[in-house]
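One structure below.
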Amino acid sequence: MARVPVFKSPDELTGEARRIADLIVDTRSSLEGPFSVWMHAPEWAERVAHLGAMVRWEGTLEPRLRTLAALVVGRHFKAQYVWGIQGVIGAERGVPRATIDAIRDERSDGIPPDDLQIIDFTHQLIGKHRVDAPLAAAVLARLGADRYVQLTTCIGYYAMLAMTVNGVELEPNPAHEALNV
């Protein structure tokens, strides 16, 4: 059970919080996930929603790469909610099931080299808080400066989500794959 009340609908809120919740539902179709608890701090929820829209749907970074990074972050932080929803999104974005399983099981066999590069980059950034120079140079050469920065921001965004759902012990969606940790 979550450590704070979980808002499931804008109808549970009033005033400015209700307006913000309505905007979030308009763009995400629900208050599910971290937004269900971020509504305790509505201005934060609104600002995070704006950043989240950039990270999830806008920009030039390939959606598959965003999803690979999000899966690694969810696994690293053992964030059940993040892992579950990213598994669904991963399937929609063409991430092979074998790759998702390998990330879950913390192994690298069977992962295509281009995907493994992004996975290793994400592992290093969240695990060591730095990326080794050769890998950073390879990813920068592959993505260019703009998409390189988008990738690092994406990793940070999903780390923030993971910490939020873990900090409040938000229950994952039971329809999504559980991360058995």
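Each chain in the structure tokens gets a letter, A, B, ..., in the order shown, and its residues are numbered from 1; ligands are numbered from 1 in order too.
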Helix (DSSP H, G or I) call set, DSSP backbone run, region 46-107 of chain A, as a count of residues only: 47
Atomic distance CA of Gly74 (chain A) - CA of Gln86 (chain A), expressed in Å with one decimal: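 These two atoms are separated by 8.1 Å.
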Residue neighbourhood region 3-18 of chain A, 12 Å, only C-alpha atoms, exclusion window fewer than 4 positions, as an MDAnalysis selection string: chainID A and resid 22:26 29:46 164:171
Could those selected residues go to a file with N, CA and C atoms, as an mmCIF file, in the first residue's frame?
data_model
loop_
_atom_site.group_PDB
_atom_site.id
_atom_site.type_symbol
_atom_site.label_atom_id
_atom_site.label_comp_id
_atom_site.auth_asym_id
_atom_site.auth_seq_id
_atom_site.Cartn_x
_atom_site.Cartn_y
_atom_site.Cartn_z
ATOM 1 N N ASP A 22 -6.559 17.820 -14.402
ATOM 2 C CA ASP A 22 -7.281 17.720 -15.675
ATOM 3 C C ASP A 22 -6.316 17.811 -16.858
ATOM 4 N N LEU A 23 -5.328 18.714 -16.780
ATOM 5 C CA LEU A 23 -4.327 18.834 -17.851
ATOM 6 C C LEU A 23 -3.515 17.548 -17.989
ATOM 7 N N ILE A 24 -3.143 16.971 -16.863
ATOM 8 C CA ILE A 24 -2.360 15.733 -16.894
ATOM 9 C C ILE A 24 -3.177 14.607 -17.514
ATOM 10 N N VAL A 25 -4.430 14.504 -17.136
ATOM 11 C CA VAL A 25 -5.294 13.462 -17.698
ATOM 12 C C VAL A 25 -5.494 13.688 -19.193
ATOM 13 N N ASP A 26 -5.589 14.943 -19.617
ATOM 14 C CA ASP A 26 -5.744 15.237 -21.046
ATOM 15 C C ASP A 26 -4.556 14.735 -21.858
ATOM 16 N N SER A 29 -4.112 10.504 -20.251
ATOM 17 C CA SER A 29 -5.357 9.733 -20.141
ATOM 18 C C SER A 29 -5.686 9.259 -18.726
ATOM 19 N N SER A 30 -4.792 9.476 -17.753
ATOM 20 C CA SER A 30 -5.106 9.112 -16.366
ATOM 21 C C SER A 30 -4.086 9.765 -15.435
ATOM 22 N N LEU A 31 -4.328 9.614 -14.149
ATOM 23 C CA LEU A 31 -3.359 10.043 -13.138
ATOM 24 C C LEU A 31 -2.528 8.856 -12.658
ATOM 25 N N GLU A 32 -2.556 7.784 -13.400
ATOM 26 C CA GLU A 32 -1.852 6.572 -12.995
ATOM 27 C C GLU A 32 -0.365 6.844 -12.774
ATOM 28 N N GLY A 33 0.225 6.053 -11.922
ATOM 29 C CA GLY A 33 1.661 6.118 -11.695
ATOM 30 C C GLY A 33 2.062 7.274 -10.810
ATOM 31 N N PRO A 34 3.253 7.813 -11.027
ATOM 32 C CA PRO A 34 3.767 8.849 -10.134
ATOM 33 C C PRO A 34 2.854 10.066 -10.020
ATOM 34 N N PHE A 35 2.112 10.369 -11.079
ATOM 35 C CA PHE A 35 1.243 11.536 -11.017
ATOM 36 C C PHE A 35 0.130 11.359 -9.993
ATOM 37 N N SER A 36 -0.209 10.132 -9.689
ATOM 38 C CA SER A 36 -1.244 9.879 -8.682
ATOM 39 C C SER A 36 -0.787 10.312 -7.289
ATOM 40 N N VAL A 37 0.519 10.408 -7.093
ATOM 41 C CA VAL A 37 1.032 10.901 -5.812
ATOM 42 C C VAL A 37 1.627 12.302 -5.937
ATOM 43 N N TRP A 38 2.148 12.653 -7.118
ATOM 44 C CA TRP A 38 2.668 14.006 -7.300
ATOM 45 C C TRP A 38 1.569 15.044 -7.124
ATOM 46 N N MET A 39 0.317 14.651 -7.239
ATOM 47 C CA MET A 39 -0.765 15.626 -7.080
ATOM 48 C C MET A 39 -0.856 16.158 -5.651
ATOM 49 N N HIS A 40 -0.111 15.587 -4.722
ATOM 50 C CA HIS A 40 -0.001 16.195 -3.383
ATOM 51 C C HIS A 40 0.791 17.495 -3.467
ATOM 52 N N ALA A 41 1.580 17.649 -4.501
ATOM 53 C CA ALA A 41 2.354 18.859 -4.779
ATOM 54 C C ALA A 41 2.034 19.262 -6.219
ATOM 55 N N PRO A 42 0.838 19.816 -6.451
ATOM 56 C CA PRO A 42 0.344 20.010 -7.822
ATOM 57 C C PRO A 42 1.271 20.804 -8.739
ATOM 58 N N GLU A 43 1.922 21.842 -8.235
ATOM 59 C CA GLU A 43 2.812 22.610 -9.107
ATOM 60 C C GLU A 43 3.978 21.739 -9.571
ATOM 61 N N TRP A 44 4.484 20.882 -8.705
ATOM 62 C CA TRP A 44 5.532 19.953 -9.091
ATOM 63 C C TRP A 44 5.000 19.008 -10.165
ATOM 64 N N ALA A 45 3.810 18.491 -9.951
ATOM 65 C CA ALA A 45 3.206 17.575 -10.924
ATOM 66 C C ALA A 45 3.110 18.233 -12.297
ATOM 67 N N GLU A 46 2.688 19.479 -12.309
ATOM 68 C CA GLU A 46 2.540 20.189 -13.583
ATOM 69 C C GLU A 46 3.893 20.350 -14.284
ATOM 70 N N THR A 164 10.542 8.317 -6.962
ATOM 71 C CA THR A 164 9.228 8.722 -6.464
ATOM 72 C C THR A 164 8.371 7.503 -6.158
ATOM 73 N N VAL A 165 8.252 6.583 -7.116
ATOM 74 C CA VAL A 165 7.378 5.424 -6.878
ATOM 75 C C VAL A 165 7.931 4.534 -5.774
ATOM 76 N N ASN A 166 9.257 4.438 -5.666
ATOM 77 C CA ASN A 166 9.835 3.648 -4.579
ATOM 78 C C ASN A 166 9.668 4.341 -3.231
ATOM 79 N N GLY A 167 9.854 5.650 -3.200
ATOM 80 C CA GLY A 167 9.750 6.394 -1.953
ATOM 81 C C GLY A 167 8.374 6.344 -1.334
ATOM 82 N N VAL A 168 7.352 6.280 -2.193
ATOM 83 C CA VAL A 168 5.979 6.225 -1.672
ATOM 84 C C VAL A 168 5.417 4.811 -1.692
ATOM 85 N N GLU A 169 6.246 3.841 -2.141
ATOM 86 C CA GLU A 169 5.804 2.435 -2.235
ATOM 87 C C GLU A 169 4.536 2.308 -3.079
ATOM 88 N N LEU A 170 4.553 2.976 -4.245
ATOM 89 C CA LEU A 170 3.404 2.923 -5.142
ATOM 90 C C LEU A 170 3.268 1.527 -5.724
ATOM 91 N N GLU A 171 2.094 0.974 -5.620
ATOM 92 C CA GLU A 171 1.825 -0.364 -6.152
ATOM 93 C C GLU A 171 1.865 -0.327 -7.674
#
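Distance-wise, CA of Leu51 (chain A) and CA of Tyr157 (chain A) end up 8.1 Å apart.
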Surrounding residues of region 99-101 of chain A excluding itself and chain neighbours under 5 positions, 10 Å, only C-alpha atoms, as a ChimeraX atom specification: /A:68,71-72,83,86-87,90-91,106-112,115-116,119
Mind dumping the selected residues with C-alpha atoms as a PDB file, in the first residue's frame?
ATOM      1  CA  LEU A  68      15.848   0.956 -23.349  1.00  0.00           C
ATOM      2  CA  LEU A  71      13.974  -0.222 -18.648  1.00  0.00           C
ATOM      3  CA  VAL A  72      17.535  -0.145 -17.323  1.00  0.00           C
ATOM      4  CA  TRP A  83       9.552  -1.571 -14.987  1.00  0.00           C
ATOM      5  CA  GLN A  86       8.171   0.260 -19.741  1.00  0.00           C
ATOM      6  CA  GLY A  87       7.777  -3.422 -20.559  1.00  0.00           C
ATOM      7  CA  GLY A  90       9.016  -1.603 -25.012  1.00  0.00           C
ATOM      8  CA  ALA A  91       6.877  -4.166 -26.785  1.00  0.00           C
ATOM      9  CA  GLU A 106      20.962  -8.296 -15.597  1.00  0.00           C
ATOM     10  CA  ARG A 107      22.745 -10.025 -18.452  1.00  0.00           C
ATOM     11  CA  SER A 108      23.842  -8.891 -21.886  1.00  0.00           C
ATOM     12  CA  ASP A 109      23.750 -12.020 -24.037  1.00  0.00           C
ATOM     13  CA  GLY A 110      21.504 -11.849 -27.060  1.00  0.00           C
ATOM     14  CA  ILE A 111      21.149  -8.054 -27.050  1.00  0.00           C
ATOM     15  CA  PRO A 112      21.866  -6.364 -30.413  1.00  0.00           C
ATOM     16  CA  ASP A 115      20.956  -1.605 -28.032  1.00  0.00           C
ATOM     17  CA  LEU A 116      23.708  -2.886 -25.765  1.00  0.00           C
ATOM     18  CA  ILE A 119      22.105  -0.136 -22.084  1.00  0.00           C
TER      19      ILE A 119
END
Nearest residue to Ala162 (chain A) from the set A:Leu125, A:Val73, A:Ile85, A:Ala141 (distances using only C-alpha atoms):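 So, comparing all the options, the nearest one is A:Val73.
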Closest of A:Arg130, A:Arg75, A:Thr122, A:Thr67 to Val88 (chain A) - atom-to-atom distances counting only C-alpha atoms: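 Closest to Val88 (chain A), using only C-alpha atoms: A:Thr67.
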